[in-house]
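Data from structure-v8.txt: compact mmCIF, C-alpha atoms
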# COMPACT_ATOMS: atom_id res chain seq x y z
CA MET U 1 22.57 17.73 1.21
CA ARG U 2 20.54 16.07 3.95
CA VAL U 3 16.86 15.51 3.13
CA LEU U 4 14.16 14.60 5.66
CA ILE U 5 10.82 13.49 4.16
CA ASN U 6 7.74 13.25 6.37
CA ARG U 7 5.09 10.75 5.22
CA SER U 8 3.86 9.42 8.53
CA ASP U 9 0.45 8.01 7.62
CA ALA U 10 -0.66 4.82 5.82
CA ILE U 11 1.62 2.10 4.46
CA GLY U 12 0.47 2.48 0.87
CA ASP U 13 0.88 6.27 1.02
CA SER U 14 4.42 5.86 2.33
CA ILE U 15 5.30 3.38 -0.41
CA LEU U 16 4.10 5.82 -3.07
CA THR U 17 6.25 8.56 -1.50
CA SER U 18 9.45 6.48 -1.37
CA SER U 19 10.10 7.17 -5.07
CA MET U 20 11.08 10.72 -4.13
CA ALA U 21 14.31 9.29 -2.72
CA LYS U 22 15.33 7.75 -6.03
CA MET U 23 14.58 10.92 -7.96
CA ILE U 24 16.59 13.05 -5.51
CA LYS U 25 19.57 10.68 -5.70
CA ASP U 26 19.46 10.67 -9.49
CA LYS U 27 20.03 14.45 -9.35
CA PHE U 28 22.16 14.57 -6.20
CA PRO U 29 23.93 11.19 -5.76
CA ASP U 30 25.62 12.23 -2.48
CA ALA U 31 22.37 13.28 -0.80
CA LYS U 32 21.53 11.62 2.52
CA ILE U 33 17.82 10.82 2.78
CA THR U 34 15.85 9.98 5.91
CA PHE U 35 12.15 9.14 5.92
CA LEU U 36 9.90 9.99 8.84
CA ILE U 37 7.19 7.31 8.89
CA ALA U 38 4.53 5.63 11.01
CA ALA U 39 5.67 2.57 12.98
CA LYS U 40 3.49 0.25 10.89
CA SER U 41 5.47 1.18 7.74
CA TYR U 42 8.91 0.51 9.21
CA ASP U 43 9.46 -2.97 7.79
CA VAL U 44 8.71 -1.83 4.24
CA PHE U 45 11.75 0.47 4.30
CA LYS U 46 14.35 -1.95 5.68
CA ASP U 47 17.48 -2.03 3.48
CA HIS U 48 15.81 0.29 0.97
CA PRO U 49 18.12 0.94 -2.00
CA TYR U 50 17.59 4.74 -1.99
CA ILE U 51 16.67 5.61 1.59
CA ASP U 52 19.58 5.87 4.01
CA GLU U 53 17.61 5.84 7.25
CA VAL U 54 14.07 5.77 8.62
CA LYS U 55 12.75 7.33 11.79
CA ILE U 56 9.41 6.61 13.41
CA TYR U 57 7.03 9.42 14.20
CA HIS U 58 4.59 8.46 16.97
CA ARG U 59 1.63 10.69 16.17
CA ASN U 60 -0.54 9.40 19.03
CA ARG U 61 1.86 10.14 21.89
CA ARG U 62 1.43 13.03 24.27
CA PHE U 63 2.34 16.47 22.99
CA TYR U 64 5.53 16.99 24.98
CA THR U 65 6.80 13.47 24.32
CA LYS U 66 6.07 13.83 20.64
CA ILE U 67 7.70 17.22 20.17
CA ASN U 68 10.80 16.14 22.08
CA GLU U 69 11.14 13.06 19.87
CA VAL U 70 10.86 15.15 16.70
CA ILE U 71 13.34 17.73 17.99
CA SER U 72 15.80 14.91 18.72
CA ILE U 73 15.44 13.62 15.15
CA PHE U 74 16.16 17.07 13.71
CA ARG U 75 19.13 17.60 16.02
CA GLU U 76 20.61 14.23 15.13
CA PHE U 77 20.05 14.34 11.37
CA LYS U 78 20.57 18.09 10.83
CA PRO U 79 18.52 18.30 7.60
CA THR U 80 19.20 20.97 5.01
CA HIS U 81 15.95 20.10 3.22
CA TYR U 82 12.61 19.07 4.73
CA PHE U 83 9.50 17.82 2.91
CA TYR U 84 6.00 17.36 4.27
CA VAL U 85 4.01 14.93 2.10
CA GLY U 86 1.42 13.65 4.58
CA GLY U 87 0.82 12.58 8.15
CA GLY U 88 1.58 14.42 11.38
CA PHE U 89 2.22 18.16 11.25
CA MET U 90 4.51 18.51 14.29
CA PRO U 91 7.67 18.09 12.14
CA ASN U 92 6.51 21.08 10.05
CA PHE U 93 6.64 23.27 13.13
CA VAL U 94 10.01 21.88 14.20
CA SER U 95 11.48 22.46 10.72
CA TRP U 96 10.43 26.11 11.03
CA LEU U 97 11.72 26.29 14.61
CA PHE U 98 15.12 25.01 13.47
CA ARG U 99 15.10 27.41 10.52
CA ILE U 100 15.71 24.65 7.99
CA PRO U 101 16.61 26.60 4.81
CA PHE U 102 14.39 24.52 2.50
CA ARG U 103 10.97 23.52 3.82
CA GLY U 104 8.99 22.02 0.97
CA GLY U 105 6.13 19.65 0.34
CA LEU U 106 2.39 19.73 -0.11
CA LYS U 107 0.57 22.93 0.77
CA SER U 108 -2.94 21.93 1.78
CA ARG U 109 -3.65 22.52 5.49
CA TRP U 110 -3.17 25.67 7.54
CA HIS U 111 0.11 24.56 9.08
CA THR U 112 1.68 23.98 5.68
CA TYR U 113 1.05 27.61 4.67
CA LEU U 114 2.47 28.78 7.97
CA PHE U 115 5.63 26.66 8.15
CA LEU U 116 6.65 25.66 4.60
CA ASN U 117 8.63 28.17 2.50
CA LYS U 118 9.04 25.99 -0.61
CA GLY U 119 5.75 24.15 -0.60
CA ILE U 120 3.55 23.55 -3.63
CA ARG U 121 -0.21 23.72 -3.73
CA GLN U 122 -1.71 20.76 -5.59
CA LYS U 123 -5.37 20.06 -6.34
CA ARG U 124 -5.09 16.33 -5.75
CA SER U 125 -8.87 15.99 -5.68
CA MET U 126 -8.79 16.74 -9.42
CA VAL U 127 -6.96 13.42 -9.91
CA ASP U 128 -4.89 14.57 -12.87
CA MET U 129 -2.19 11.99 -12.16
CA HIS U 130 -1.09 9.17 -9.85
CA GLU U 131 -0.29 9.81 -6.18
CA MET U 132 3.37 8.93 -6.80
CA GLU U 133 3.53 11.54 -9.57
CA TYR U 134 1.99 14.20 -7.33
CA ASN U 135 4.72 13.41 -4.80
CA LEU U 136 7.52 13.58 -7.37
CA ASN U 137 6.28 16.98 -8.57
CA LEU U 138 6.91 18.34 -5.06
CA LEU U 139 10.63 18.21 -5.89
CA GLU U 140 10.38 20.99 -8.49
CA PRO U 141 11.61 23.75 -6.10
CA MET U 142 14.83 21.73 -5.75
CA GLY U 143 15.38 22.01 -9.49
CA ILE U 144 14.19 18.44 -10.09
CA GLU U 145 11.56 18.13 -12.80
CA TYR U 146 9.43 15.04 -13.19
CA ASN U 147 8.62 13.74 -16.68
CA TYR U 148 5.55 11.52 -16.93
CA LEU U 149 7.46 9.27 -19.35
CA ASP U 150 9.61 8.24 -16.36
CA LYS U 151 6.68 6.85 -14.36
CA ASN U 152 7.84 3.25 -14.66
CA LYS U 153 11.45 4.21 -13.87
CA TYR U 154 10.42 5.66 -10.52
CA SER U 155 7.91 3.01 -9.47
CA PRO U 156 8.48 2.01 -5.81
CA GLU U 157 10.88 -0.68 -4.63
CA ILE U 158 11.04 -3.05 -1.66
CA SER U 159 14.19 -4.94 -0.73
CA LEU U 160 13.93 -8.60 0.31
CA THR U 161 16.86 -11.01 0.43
CA GLN U 162 16.61 -14.64 -0.63
CA THR U 163 17.63 -15.61 2.91
CA GLU U 164 14.67 -13.65 4.32
CA ILE U 165 12.32 -15.30 1.84
CA ASP U 166 13.62 -18.79 2.67
CA GLU U 167 13.32 -18.19 6.42
CA GLY U 168 9.87 -16.63 6.02
CA MET U 169 8.64 -19.61 4.01
CA LYS U 170 10.08 -22.02 6.58
CA VAL U 171 8.07 -20.38 9.36
CA PHE U 172 4.99 -20.22 7.13
CA ASN U 173 5.16 -23.93 6.22
CA HIS U 174 5.49 -24.80 9.90
CA ASP U 175 2.31 -22.81 10.61
CA LEU U 176 0.53 -24.57 7.74
CA VAL U 177 1.40 -27.99 9.14
CA GLU U 178 0.16 -26.98 12.60
CA ALA U 179 -3.12 -25.80 11.05
CA GLY U 180 -3.54 -29.02 9.06
CA ILE U 181 -3.06 -27.28 5.71
CA GLU U 182 -1.37 -28.91 2.74
CA THR U 183 2.15 -27.71 1.95
CA GLY U 184 4.11 -27.74 -1.27
CA LYS U 185 1.37 -26.16 -3.39
CA LYS U 186 1.36 -22.81 -5.13
CA MET U 187 -0.42 -19.97 -3.32
CA ILE U 188 -3.20 -17.55 -4.14
CA PHE U 189 -3.43 -14.64 -1.68
CA ILE U 190 -6.76 -12.95 -1.07
CA HIS U 191 -6.81 -9.90 1.18
CA PRO U 192 -10.41 -8.76 1.74
CA GLY U 193 -9.72 -6.15 4.42
CA MET U 194 -8.89 -2.47 4.36
CA THR U 195 -9.05 0.66 6.50
CA GLY U 196 -10.57 4.04 5.73
CA HIS U 197 -13.72 4.86 3.78
CA THR U 198 -12.77 3.60 0.33
CA LEU U 199 -15.41 1.37 -1.25
CA ASN U 200 -14.69 -2.37 -1.14
CA TRP U 201 -16.05 -5.54 -2.65
CA SER U 202 -18.40 -7.68 -0.57
CA PRO U 203 -16.54 -10.09 1.76
CA ARG U 204 -18.88 -12.83 0.55
CA ASN U 205 -17.68 -12.25 -3.00
CA TYR U 206 -14.08 -12.80 -1.89
CA GLY U 207 -15.29 -16.13 -0.50
CA ARG U 208 -17.10 -16.99 -3.73
CA LEU U 209 -13.91 -16.13 -5.62
CA VAL U 210 -12.03 -18.88 -3.79
CA TYR U 211 -14.67 -21.39 -4.83
CA LYS U 212 -14.59 -20.25 -8.47
CA LEU U 213 -10.80 -20.32 -8.66
CA GLU U 214 -10.83 -23.83 -7.23
CA GLN U 215 -13.23 -24.85 -9.96
CA LYS U 216 -10.85 -23.47 -12.59
CA PHE U 217 -7.74 -24.98 -11.00
CA PRO U 218 -8.81 -28.03 -8.97
CA GLU U 219 -6.40 -28.98 -6.18
CA GLN U 220 -3.59 -26.81 -7.59
CA PHE U 221 -3.45 -24.03 -4.98
CA ILE U 222 -3.74 -23.26 -1.31
CA PHE U 223 -5.78 -20.13 -0.68
CA VAL U 224 -4.19 -17.74 1.79
CA ILE U 225 -6.71 -15.34 3.31
CA SER U 226 -4.52 -12.62 4.79
CA TYR U 227 -5.75 -10.20 7.39
CA THR U 228 -4.92 -8.07 10.41
CA PRO U 229 -6.93 -8.08 13.66
CA SER U 230 -8.91 -5.00 12.53
CA ASP U 231 -10.29 -6.95 9.56
CA HIS U 232 -12.74 -9.03 11.62
CA VAL U 233 -15.82 -7.79 9.75
CA TYR U 234 -14.33 -8.89 6.42
CA LEU U 235 -13.31 -12.29 7.75
CA SER U 236 -16.83 -12.94 9.02
CA GLY U 237 -18.28 -12.50 5.55
CA ILE U 238 -15.68 -14.62 3.77
CA LYS U 239 -16.01 -17.42 6.34
CA GLU U 240 -19.77 -17.38 5.88
CA ILE U 241 -19.17 -18.66 2.33
CA LEU U 242 -16.07 -20.81 2.78
CA GLU U 243 -17.30 -22.65 5.86
CA LYS U 244 -20.52 -23.85 4.27
CA LYS U 245 -20.88 -27.60 4.33
CA GLU U 246 -20.62 -27.91 0.53
CA ASN U 247 -17.19 -26.22 0.65
CA GLU U 248 -15.81 -28.47 3.38
CA TYR U 249 -13.56 -30.24 0.86
CA LEU U 250 -11.51 -27.01 0.70
CA LYS U 251 -10.83 -26.98 4.44
CA ASN U 252 -7.24 -28.24 4.24
CA ARG U 253 -6.33 -25.72 1.54
CA ILE U 254 -7.62 -22.48 3.09
CA TYR U 255 -5.31 -20.75 5.53
CA TYR U 256 -6.16 -17.58 7.45
CA PHE U 257 -2.87 -15.70 7.64
CA ASN U 258 -2.55 -13.10 10.41
CA GLY U 259 -0.14 -10.64 8.82
CA ILE U 260 1.19 -9.29 12.11
CA LYS U 261 1.82 -12.65 13.81
CA HIS U 262 5.45 -12.87 12.70
CA GLY U 263 5.83 -9.30 11.46
CA LEU U 264 5.48 -7.57 8.11
CA ARG U 265 8.87 -8.75 6.79
CA GLN U 266 7.84 -12.38 7.16
CA TYR U 267 4.45 -11.64 5.59
CA MET U 268 6.12 -9.96 2.61
CA SER U 269 8.56 -12.87 2.23
CA VAL U 270 5.67 -15.30 1.89
CA LEU U 271 3.61 -12.95 -0.29
CA SER U 272 6.53 -12.58 -2.71
CA GLN U 273 6.13 -16.28 -3.60
CA ALA U 274 2.42 -16.07 -4.43
CA SER U 275 1.02 -16.86 -7.87
CA LEU U 276 -1.74 -14.26 -7.47
CA PHE U 277 -2.91 -11.52 -5.12
CA VAL U 278 -6.48 -10.17 -5.06
CA GLY U 279 -7.42 -7.21 -2.90
CA PRO U 280 -8.95 -3.72 -2.67
CA SER U 281 -7.24 -0.32 -2.50
CA THR U 282 -5.02 -0.92 0.51
CA GLY U 283 -1.35 -1.01 1.47
CA THR U 284 -1.07 -4.76 1.02
CA THR U 285 -2.11 -4.45 -2.62
CA HIS U 286 0.69 -1.93 -3.18
CA ILE U 287 3.19 -4.26 -1.49
CA ALA U 288 2.15 -7.20 -3.69
CA ALA U 289 2.55 -5.14 -6.87
CA VAL U 290 5.97 -3.79 -5.85
CA LEU U 291 7.13 -7.34 -5.08
CA GLY U 292 6.20 -8.35 -8.63
CA VAL U 293 3.28 -10.61 -7.65
CA PRO U 294 0.46 -10.77 -10.24
CA VAL U 295 -2.30 -8.52 -8.86
CA VAL U 296 -6.01 -8.05 -9.45
CA GLY U 297 -7.16 -4.90 -7.65
CA LEU U 298 -10.76 -3.89 -6.98
CA TYR U 299 -11.22 -0.13 -7.02
CA SER U 300 -13.94 2.42 -6.32
CA PRO U 301 -15.30 4.72 -9.08
CA ILE U 302 -15.32 7.72 -6.71
CA LYS U 303 -12.88 10.29 -8.07
CA ILE U 304 -10.38 10.70 -5.21
CA GLN U 305 -10.48 6.94 -4.51
CA SER U 306 -9.88 6.03 -8.13
CA ALA U 307 -7.28 3.68 -9.57
CA LEU U 308 -5.86 6.57 -11.61
CA ARG U 309 -4.57 8.09 -8.37
CA TRP U 310 -4.19 5.08 -6.10
CA GLY U 311 -3.62 2.09 -8.36
CA PRO U 312 -0.72 -0.23 -7.42
CA LEU U 313 2.50 0.29 -9.34
CA SER U 314 4.54 -2.58 -10.72
CA LYS U 315 7.53 -2.46 -13.05
CA ASN U 316 5.74 -5.15 -15.06
CA THR U 317 2.40 -3.52 -15.81
CA GLU U 318 1.12 -6.62 -17.58
CA LYS U 319 0.99 -8.37 -14.20
CA THR U 320 -1.49 -5.90 -12.75
CA LYS U 321 -5.19 -5.68 -13.63
CA LEU U 322 -7.63 -3.29 -11.99
CA LEU U 323 -11.40 -3.66 -11.94
CA VAL U 324 -13.73 -0.70 -11.40
CA PRO U 325 -17.56 -0.80 -11.47
CA ASP U 326 -18.92 0.12 -14.89
CA VAL U 327 -20.97 3.11 -13.71
CA ILE U 328 -20.99 6.85 -14.26
CA CYS U 329 -20.01 8.10 -10.82
CA GLY U 330 -20.38 11.83 -10.27
CA GLU U 331 -18.99 11.79 -6.74
CA VAL U 332 -15.63 13.35 -5.97
CA LYS U 333 -14.94 12.60 -2.30
CA LYS U 334 -17.43 10.13 -0.86
CA CYS U 335 -20.26 7.82 -1.80
CA ALA U 336 -23.73 9.38 -2.02
CA GLU U 337 -25.11 6.05 -0.81
CA ARG U 338 -28.87 5.67 -1.35
CA ALA U 339 -29.05 9.00 -3.17
CA CYS U 340 -27.01 7.43 -5.95
CA PRO U 341 -28.78 5.37 -8.65
CA TYR U 342 -25.76 3.02 -8.67
CA TYR U 343 -25.68 2.52 -4.88
CA GLU U 344 -23.60 -0.50 -3.87
CA CYS U 345 -21.91 -0.26 -7.26
CA MET U 346 -19.00 -2.48 -6.20
CA GLY U 347 -21.43 -5.38 -6.54
CA LYS U 348 -21.40 -4.77 -10.30
CA ILE U 349 -17.95 -6.37 -10.37
CA GLU U 350 -18.83 -10.01 -10.93
CA VAL U 351 -16.81 -12.89 -9.48
CA GLU U 352 -16.33 -14.21 -13.00
CA ASP U 353 -14.81 -10.86 -14.02
CA VAL U 354 -12.17 -11.25 -11.31
CA VAL U 355 -11.48 -14.86 -12.31
CA LYS U 356 -11.00 -13.80 -15.92
CA GLN U 357 -8.50 -11.09 -14.98
CA ALA U 358 -6.73 -13.44 -12.58
CA ILE U 359 -6.15 -15.95 -15.37
CA SER U 360 -4.79 -13.18 -17.59
CA VAL U 361 -2.04 -12.19 -15.11
CA MET U 362 -1.10 -15.54 -13.59
CA GLU U 363 1.87 -17.53 -14.87
CA LEU U 364 0.25 -20.93 -15.28

What is this file in structure tokens?
Amino acid sequence: MRVLINRSDAIGDSILTSSMAKMIKDKFPDAKITFLIAAKSYDVFKDHPYIDEVKIYHRNRRFYTKINEVISIFREFKPTHYFYVGGGFMPNFVSWLFRIPFRGGLKSRWHTYLFLNKGIRQKRSMVDMHEMEYNLNLLEPMGIEYNYLDKNKYSPEISLTQTEIDEGMKVFNHDLVEAGIETGKKMIFIHPGMTGHTLNWSPRNYGRLVYKLEQKFPEQFIFVISYTPSDHVYLSGIKEILEKKENEYLKNRIYYFNGIKHGLRQYMSVLSQASLFVGPSTGTTHIAAVLGVPVVGLYSPIKIQSALRWGPLSKNTEKTKLLVPDVICGEVKKCAERACPYYECMGKIEVEDVVKQAISVMEL
């Protein structure tokens, strides 16, 4: 059995799909599993315990280049089973073109009804379960049944070696010294940025959180503000707070960590050593939880953005706390904005609420 799984979109989505590999191998130990992913997700899957190989699908390339790349992947791997879970649809067409006997996955868009012969229609907007569980239920046509009692068993995994962690920390400490930041202290990671239209906390509140945590734990931590270049708008808000004159004493313990500078593997190596991670519904939050870092996540009350579907999964659930605004949100897909009586509801999550949850998950 040779299984090709297409989840070529966001990092967090890909992480929550990776559990399919473990469930398949529990039923069919000799199965060979290849994941088709976006380039940005590649480092997450290196040396994965249940995924034999990963291939990159370049969705933004020209049509003929893209289809030739996908055809080459199918010719090389020769899948007997293909799953579409999310991302680019070109592999759906190629799976049909190659007459793959089993073409399963999520039936949602027109191309899935046309090209998948073992697909399942799921009303994911109803948010009856977690995204990982929706993905695992796609395996039913293979004779693999998911039991909700096994949710923790199939929570995602990321493989990092101690050598990688040591080397990643060595590079990180060198960067800290160059930036004039103290070394040798424990770390609190704060990741204010995200992509997409999911509601987020105010960047200024992330800045205020640093100040409040410093008050609780004076001179005990360095605060790592992680970001990617697309997070400029979030960094502006957090710097507005942290670079005030009254917060100047924190200057040598705040480090702005560009997550792509040395690659995602190095970022994950450093993150794995953190005492706390705080962030919104984004891929980095999922990575932190999978690595076993204590997490406080800030989530939207909108139904399809909710923590019930998109919350980070950790094998130690006591290390993960999620905060959602205490409002009655009637929206399913997107914020009603000023038409909603609770507009800007994320502001109802107080900084002190986050501090309280942080203390509850941290190993002090």

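Each of U:Gly297, U:Trp201, U:Lys55, U:Ile359 was compared to U:Glu76 using only C-alpha atoms, and U:Lys55 turns out to be the nearest.
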
Near stretch 2-17 of chain U, 12 Å: stretch 233-298 of chain U residue rows, closest pairs, all atoms listed in the file, as a tab-separated table:
residue	atom	partner	partner_atom	distance
U:Leu264	CA	U:Ile11	CA	11.0
U:Pro280	CA	U:Gly12	CA	11.8
U:Ser281	CA	U:Gly12	CA	8.9
U:Thr282	CA	U:Gly12	CA	6.5
U:Gly283	CA	U:Gly12	CA	4.0
U:Thr284	CA	U:Gly12	CA	7.4
U:Thr285	CA	U:Gly12	CA	8.2
U:His286	CA	U:Gly12	CA	6.0
U:Ile287	CA	U:Gly12	CA	7.6
U:Ala288	CA	U:Gly12	CA	10.8
U:Ala289	CA	U:Ile15	CA	11.0
U:Val290	CA	U:Ile15	CA	9.0
U:Leu291	CA	U:Ile15	CA	11.8

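Across the model, the gap from atom CA of U:Trp96 to atom CA of U:Phe35 is 17.8 Å.
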
Long-range neighbours of stretch 58-74 of chain U as a ChimeraX atom specification, 12 Å cut-off, all atoms listed in the file, 4 positions minimum in chain: /U:2-9,34-42,53-54,78-82,86-100

Counting only C-alpha atoms, which residues of stretch 114-210 of chain U fall within 12 Å of stretch 230-237 of chain U, and what is the closest atom pair for each with its distance in Å at one decimal, ordered by chain and rising number, as a Markdown table?
| residue | atom | partner | partner_atom | distance |
| --- | --- | --- | --- | --- |
| U:Ile190 | CA | U:Leu235 | CA | 11.0 |
| U:His191 | CA | U:Tyr234 | CA | 9.2 |
| U:Pro192 | CA | U:Tyr234 | CA | 6.1 |
| U:Gly193 | CA | U:Asp231 | CA | 5.2 |
| U:Met194 | CA | U:Asp231 | CA | 7.0 |
| U:Thr195 | CA | U:Ser230 | CA | 8.3 |
| U:Gly196 | CA | U:Ser230 | CA | 11.4 |
| U:Asn200 | CA | U:Tyr234 | CA | 10.0 |
| U:Trp201 | CA | U:Tyr234 | CA | 9.8 |
| U:Ser202 | CA | U:Gly237 | CA | 7.8 |
| U:Pro203 | CA | U:Gly237 | CA | 4.8 |
| U:Arg204 | CA | U:Gly237 | CA | 5.0 |
| U:Asn205 | CA | U:Gly237 | CA | 8.6 |
| U:Tyr206 | CA | U:Gly237 | CA | 8.5 |
| U:Gly207 | CA | U:Gly237 | CA | 7.7 |
| U:Arg208 | CA | U:Gly237 | CA | 10.4 |

Pull C-alpha atoms from the residues just selected and write them as a tab-separated table (two decimals), keeping the file's coordinate frame.
chain	number	residue	atom	x	y	z
U	190	ILE	CA	-6.76	-12.95	-1.07
U	191	HIS	CA	-6.81	-9.90	1.18
U	192	PRO	CA	-10.41	-8.76	1.74
U	193	GLY	CA	-9.72	-6.15	4.42
U	194	MET	CA	-8.89	-2.47	4.36
U	195	THR	CA	-9.05	0.66	6.50
U	196	GLY	CA	-10.57	4.04	5.73
U	200	ASN	CA	-14.69	-2.37	-1.14
U	201	TRP	CA	-16.05	-5.54	-2.65
U	202	SER	CA	-18.40	-7.68	-0.57
U	203	PRO	CA	-16.54	-10.09	1.76
U	204	ARG	CA	-18.88	-12.83	0.55
U	205	ASN	CA	-17.68	-12.25	-3.00
U	206	TYR	CA	-14.08	-12.80	-1.89
U	207	GLY	CA	-15.29	-16.13	-0.50
U	208	ARG	CA	-17.10	-16.99	-3.73

Can you check which parts of stretch 57-172 of chain U lie within 10 Å of stretch 320-342 of chain U? Per residue, the shortest pair of atoms and distance in Å to one decimal, counting only C-alpha atoms, sorted by chain and number, as CSV.
residue,atom,partner,partner_atom,distance
U:Ser125,CA,U:Val332,CA,7.3
U:Met126,CA,U:Val332,CA,8.4
U:Val127,CA,U:Val332,CA,9.5

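The spacing separating atom CA of U:Asp26 from atom CA of U:Glu318 amounts to 26.5 Å.
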
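Ranking U:Lys303, U:His262, U:Arg309, U:Lys25 by their shortest atom-to-atom distance to U:Gly168, with all atoms listed in the file included, puts U:His262 first.
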
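Atom CA of U:Val361 is found 5.0 Å from atom CA of U:Lys319.
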
Taking the partial coordinates given, rebuild stretch 204-217 of chain U to contain N, CA and C atoms; return it as a PDB file, in the frame of the given file.
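The new file selection_24.pdb reads:
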ATOM      1  N   ARG U 204     -18.335 -11.563   1.051  1.00  0.00           N
ATOM      2  CA  ARG U 204     -18.880 -12.830   0.550  1.00  0.00           C
ATOM      3  C   ARG U 204     -18.379 -13.104  -0.870  1.00  0.00           C
ATOM      4  N   ASN U 205     -18.202 -12.050  -1.653  1.00  0.00           N
ATOM      5  CA  ASN U 205     -17.680 -12.250  -3.000  1.00  0.00           C
ATOM      6  C   ASN U 205     -16.233 -12.742  -2.980  1.00  0.00           C
ATOM      7  N   TYR U 206     -15.447 -12.264  -2.019  1.00  0.00           N
ATOM      8  CA  TYR U 206     -14.080 -12.800  -1.890  1.00  0.00           C
ATOM      9  C   TYR U 206     -14.135 -14.302  -1.599  1.00  0.00           C
ATOM     10  N   GLY U 207     -15.120 -14.706  -0.781  1.00  0.00           N
ATOM     11  CA  GLY U 207     -15.290 -16.130  -0.500  1.00  0.00           C
ATOM     12  C   GLY U 207     -15.717 -16.895  -1.738  1.00  0.00           C
ATOM     13  N   ARG U 208     -16.656 -16.336  -2.487  1.00  0.00           N
ATOM     14  CA  ARG U 208     -17.100 -16.990  -3.730  1.00  0.00           C
ATOM     15  C   ARG U 208     -15.957 -17.091  -4.739  1.00  0.00           C
ATOM     16  N   LEU U 209     -15.056 -16.118  -4.703  1.00  0.00           N
ATOM     17  CA  LEU U 209     -13.910 -16.130  -5.620  1.00  0.00           C
ATOM     18  C   LEU U 209     -13.029 -17.349  -5.368  1.00  0.00           C
ATOM     19  N   VAL U 210     -12.823 -17.688  -4.112  1.00  0.00           N
ATOM     20  CA  VAL U 210     -12.030 -18.880  -3.790  1.00  0.00           C
ATOM     21  C   VAL U 210     -12.658 -20.108  -4.424  1.00  0.00           C
ATOM     22  N   TYR U 211     -13.950 -20.227  -4.272  1.00  0.00           N
ATOM     23  CA  TYR U 211     -14.670 -21.390  -4.830  1.00  0.00           C
ATOM     24  C   TYR U 211     -14.528 -21.439  -6.352  1.00  0.00           C
ATOM     25  N   LYS U 212     -14.677 -20.285  -7.012  1.00  0.00           N
ATOM     26  CA  LYS U 212     -14.590 -20.250  -8.470  1.00  0.00           C
ATOM     27  C   LYS U 212     -13.173 -20.547  -8.965  1.00  0.00           C
ATOM     28  N   LEU U 213     -12.176 -20.042  -8.268  1.00  0.00           N
ATOM     29  CA  LEU U 213     -10.800 -20.320  -8.660  1.00  0.00           C
ATOM     30  C   LEU U 213     -10.465 -21.801  -8.466  1.00  0.00           C
ATOM     31  N   GLU U 214     -11.035 -22.395  -7.445  1.00  0.00           N
ATOM     32  CA  GLU U 214     -10.830 -23.830  -7.230  1.00  0.00           C
ATOM     33  C   GLU U 214     -11.468 -24.633  -8.367  1.00  0.00           C
ATOM     34  N   GLN U 215     -12.603 -24.176  -8.830  1.00  0.00           N
ATOM     35  CA  GLN U 215     -13.230 -24.850  -9.960  1.00  0.00           C
ATOM     36  C   GLN U 215     -12.357 -24.787 -11.214  1.00  0.00           C
ATOM     37  N   LYS U 216     -11.708 -23.644 -11.425  1.00  0.00           N
ATOM     38  CA  LYS U 216     -10.850 -23.470 -12.590  1.00  0.00           C
ATOM     39  C   LYS U 216      -9.540 -24.254 -12.463  1.00  0.00           C
ATOM     40  N   PHE U 217      -9.029 -24.332 -11.235  1.00  0.00           N
ATOM     41  CA  PHE U 217      -7.740 -24.980 -11.000  1.00  0.00           C
ATOM     42  C   PHE U 217      -7.848 -25.985  -9.853  1.00  0.00           C
TER      43      PHE U 217
END
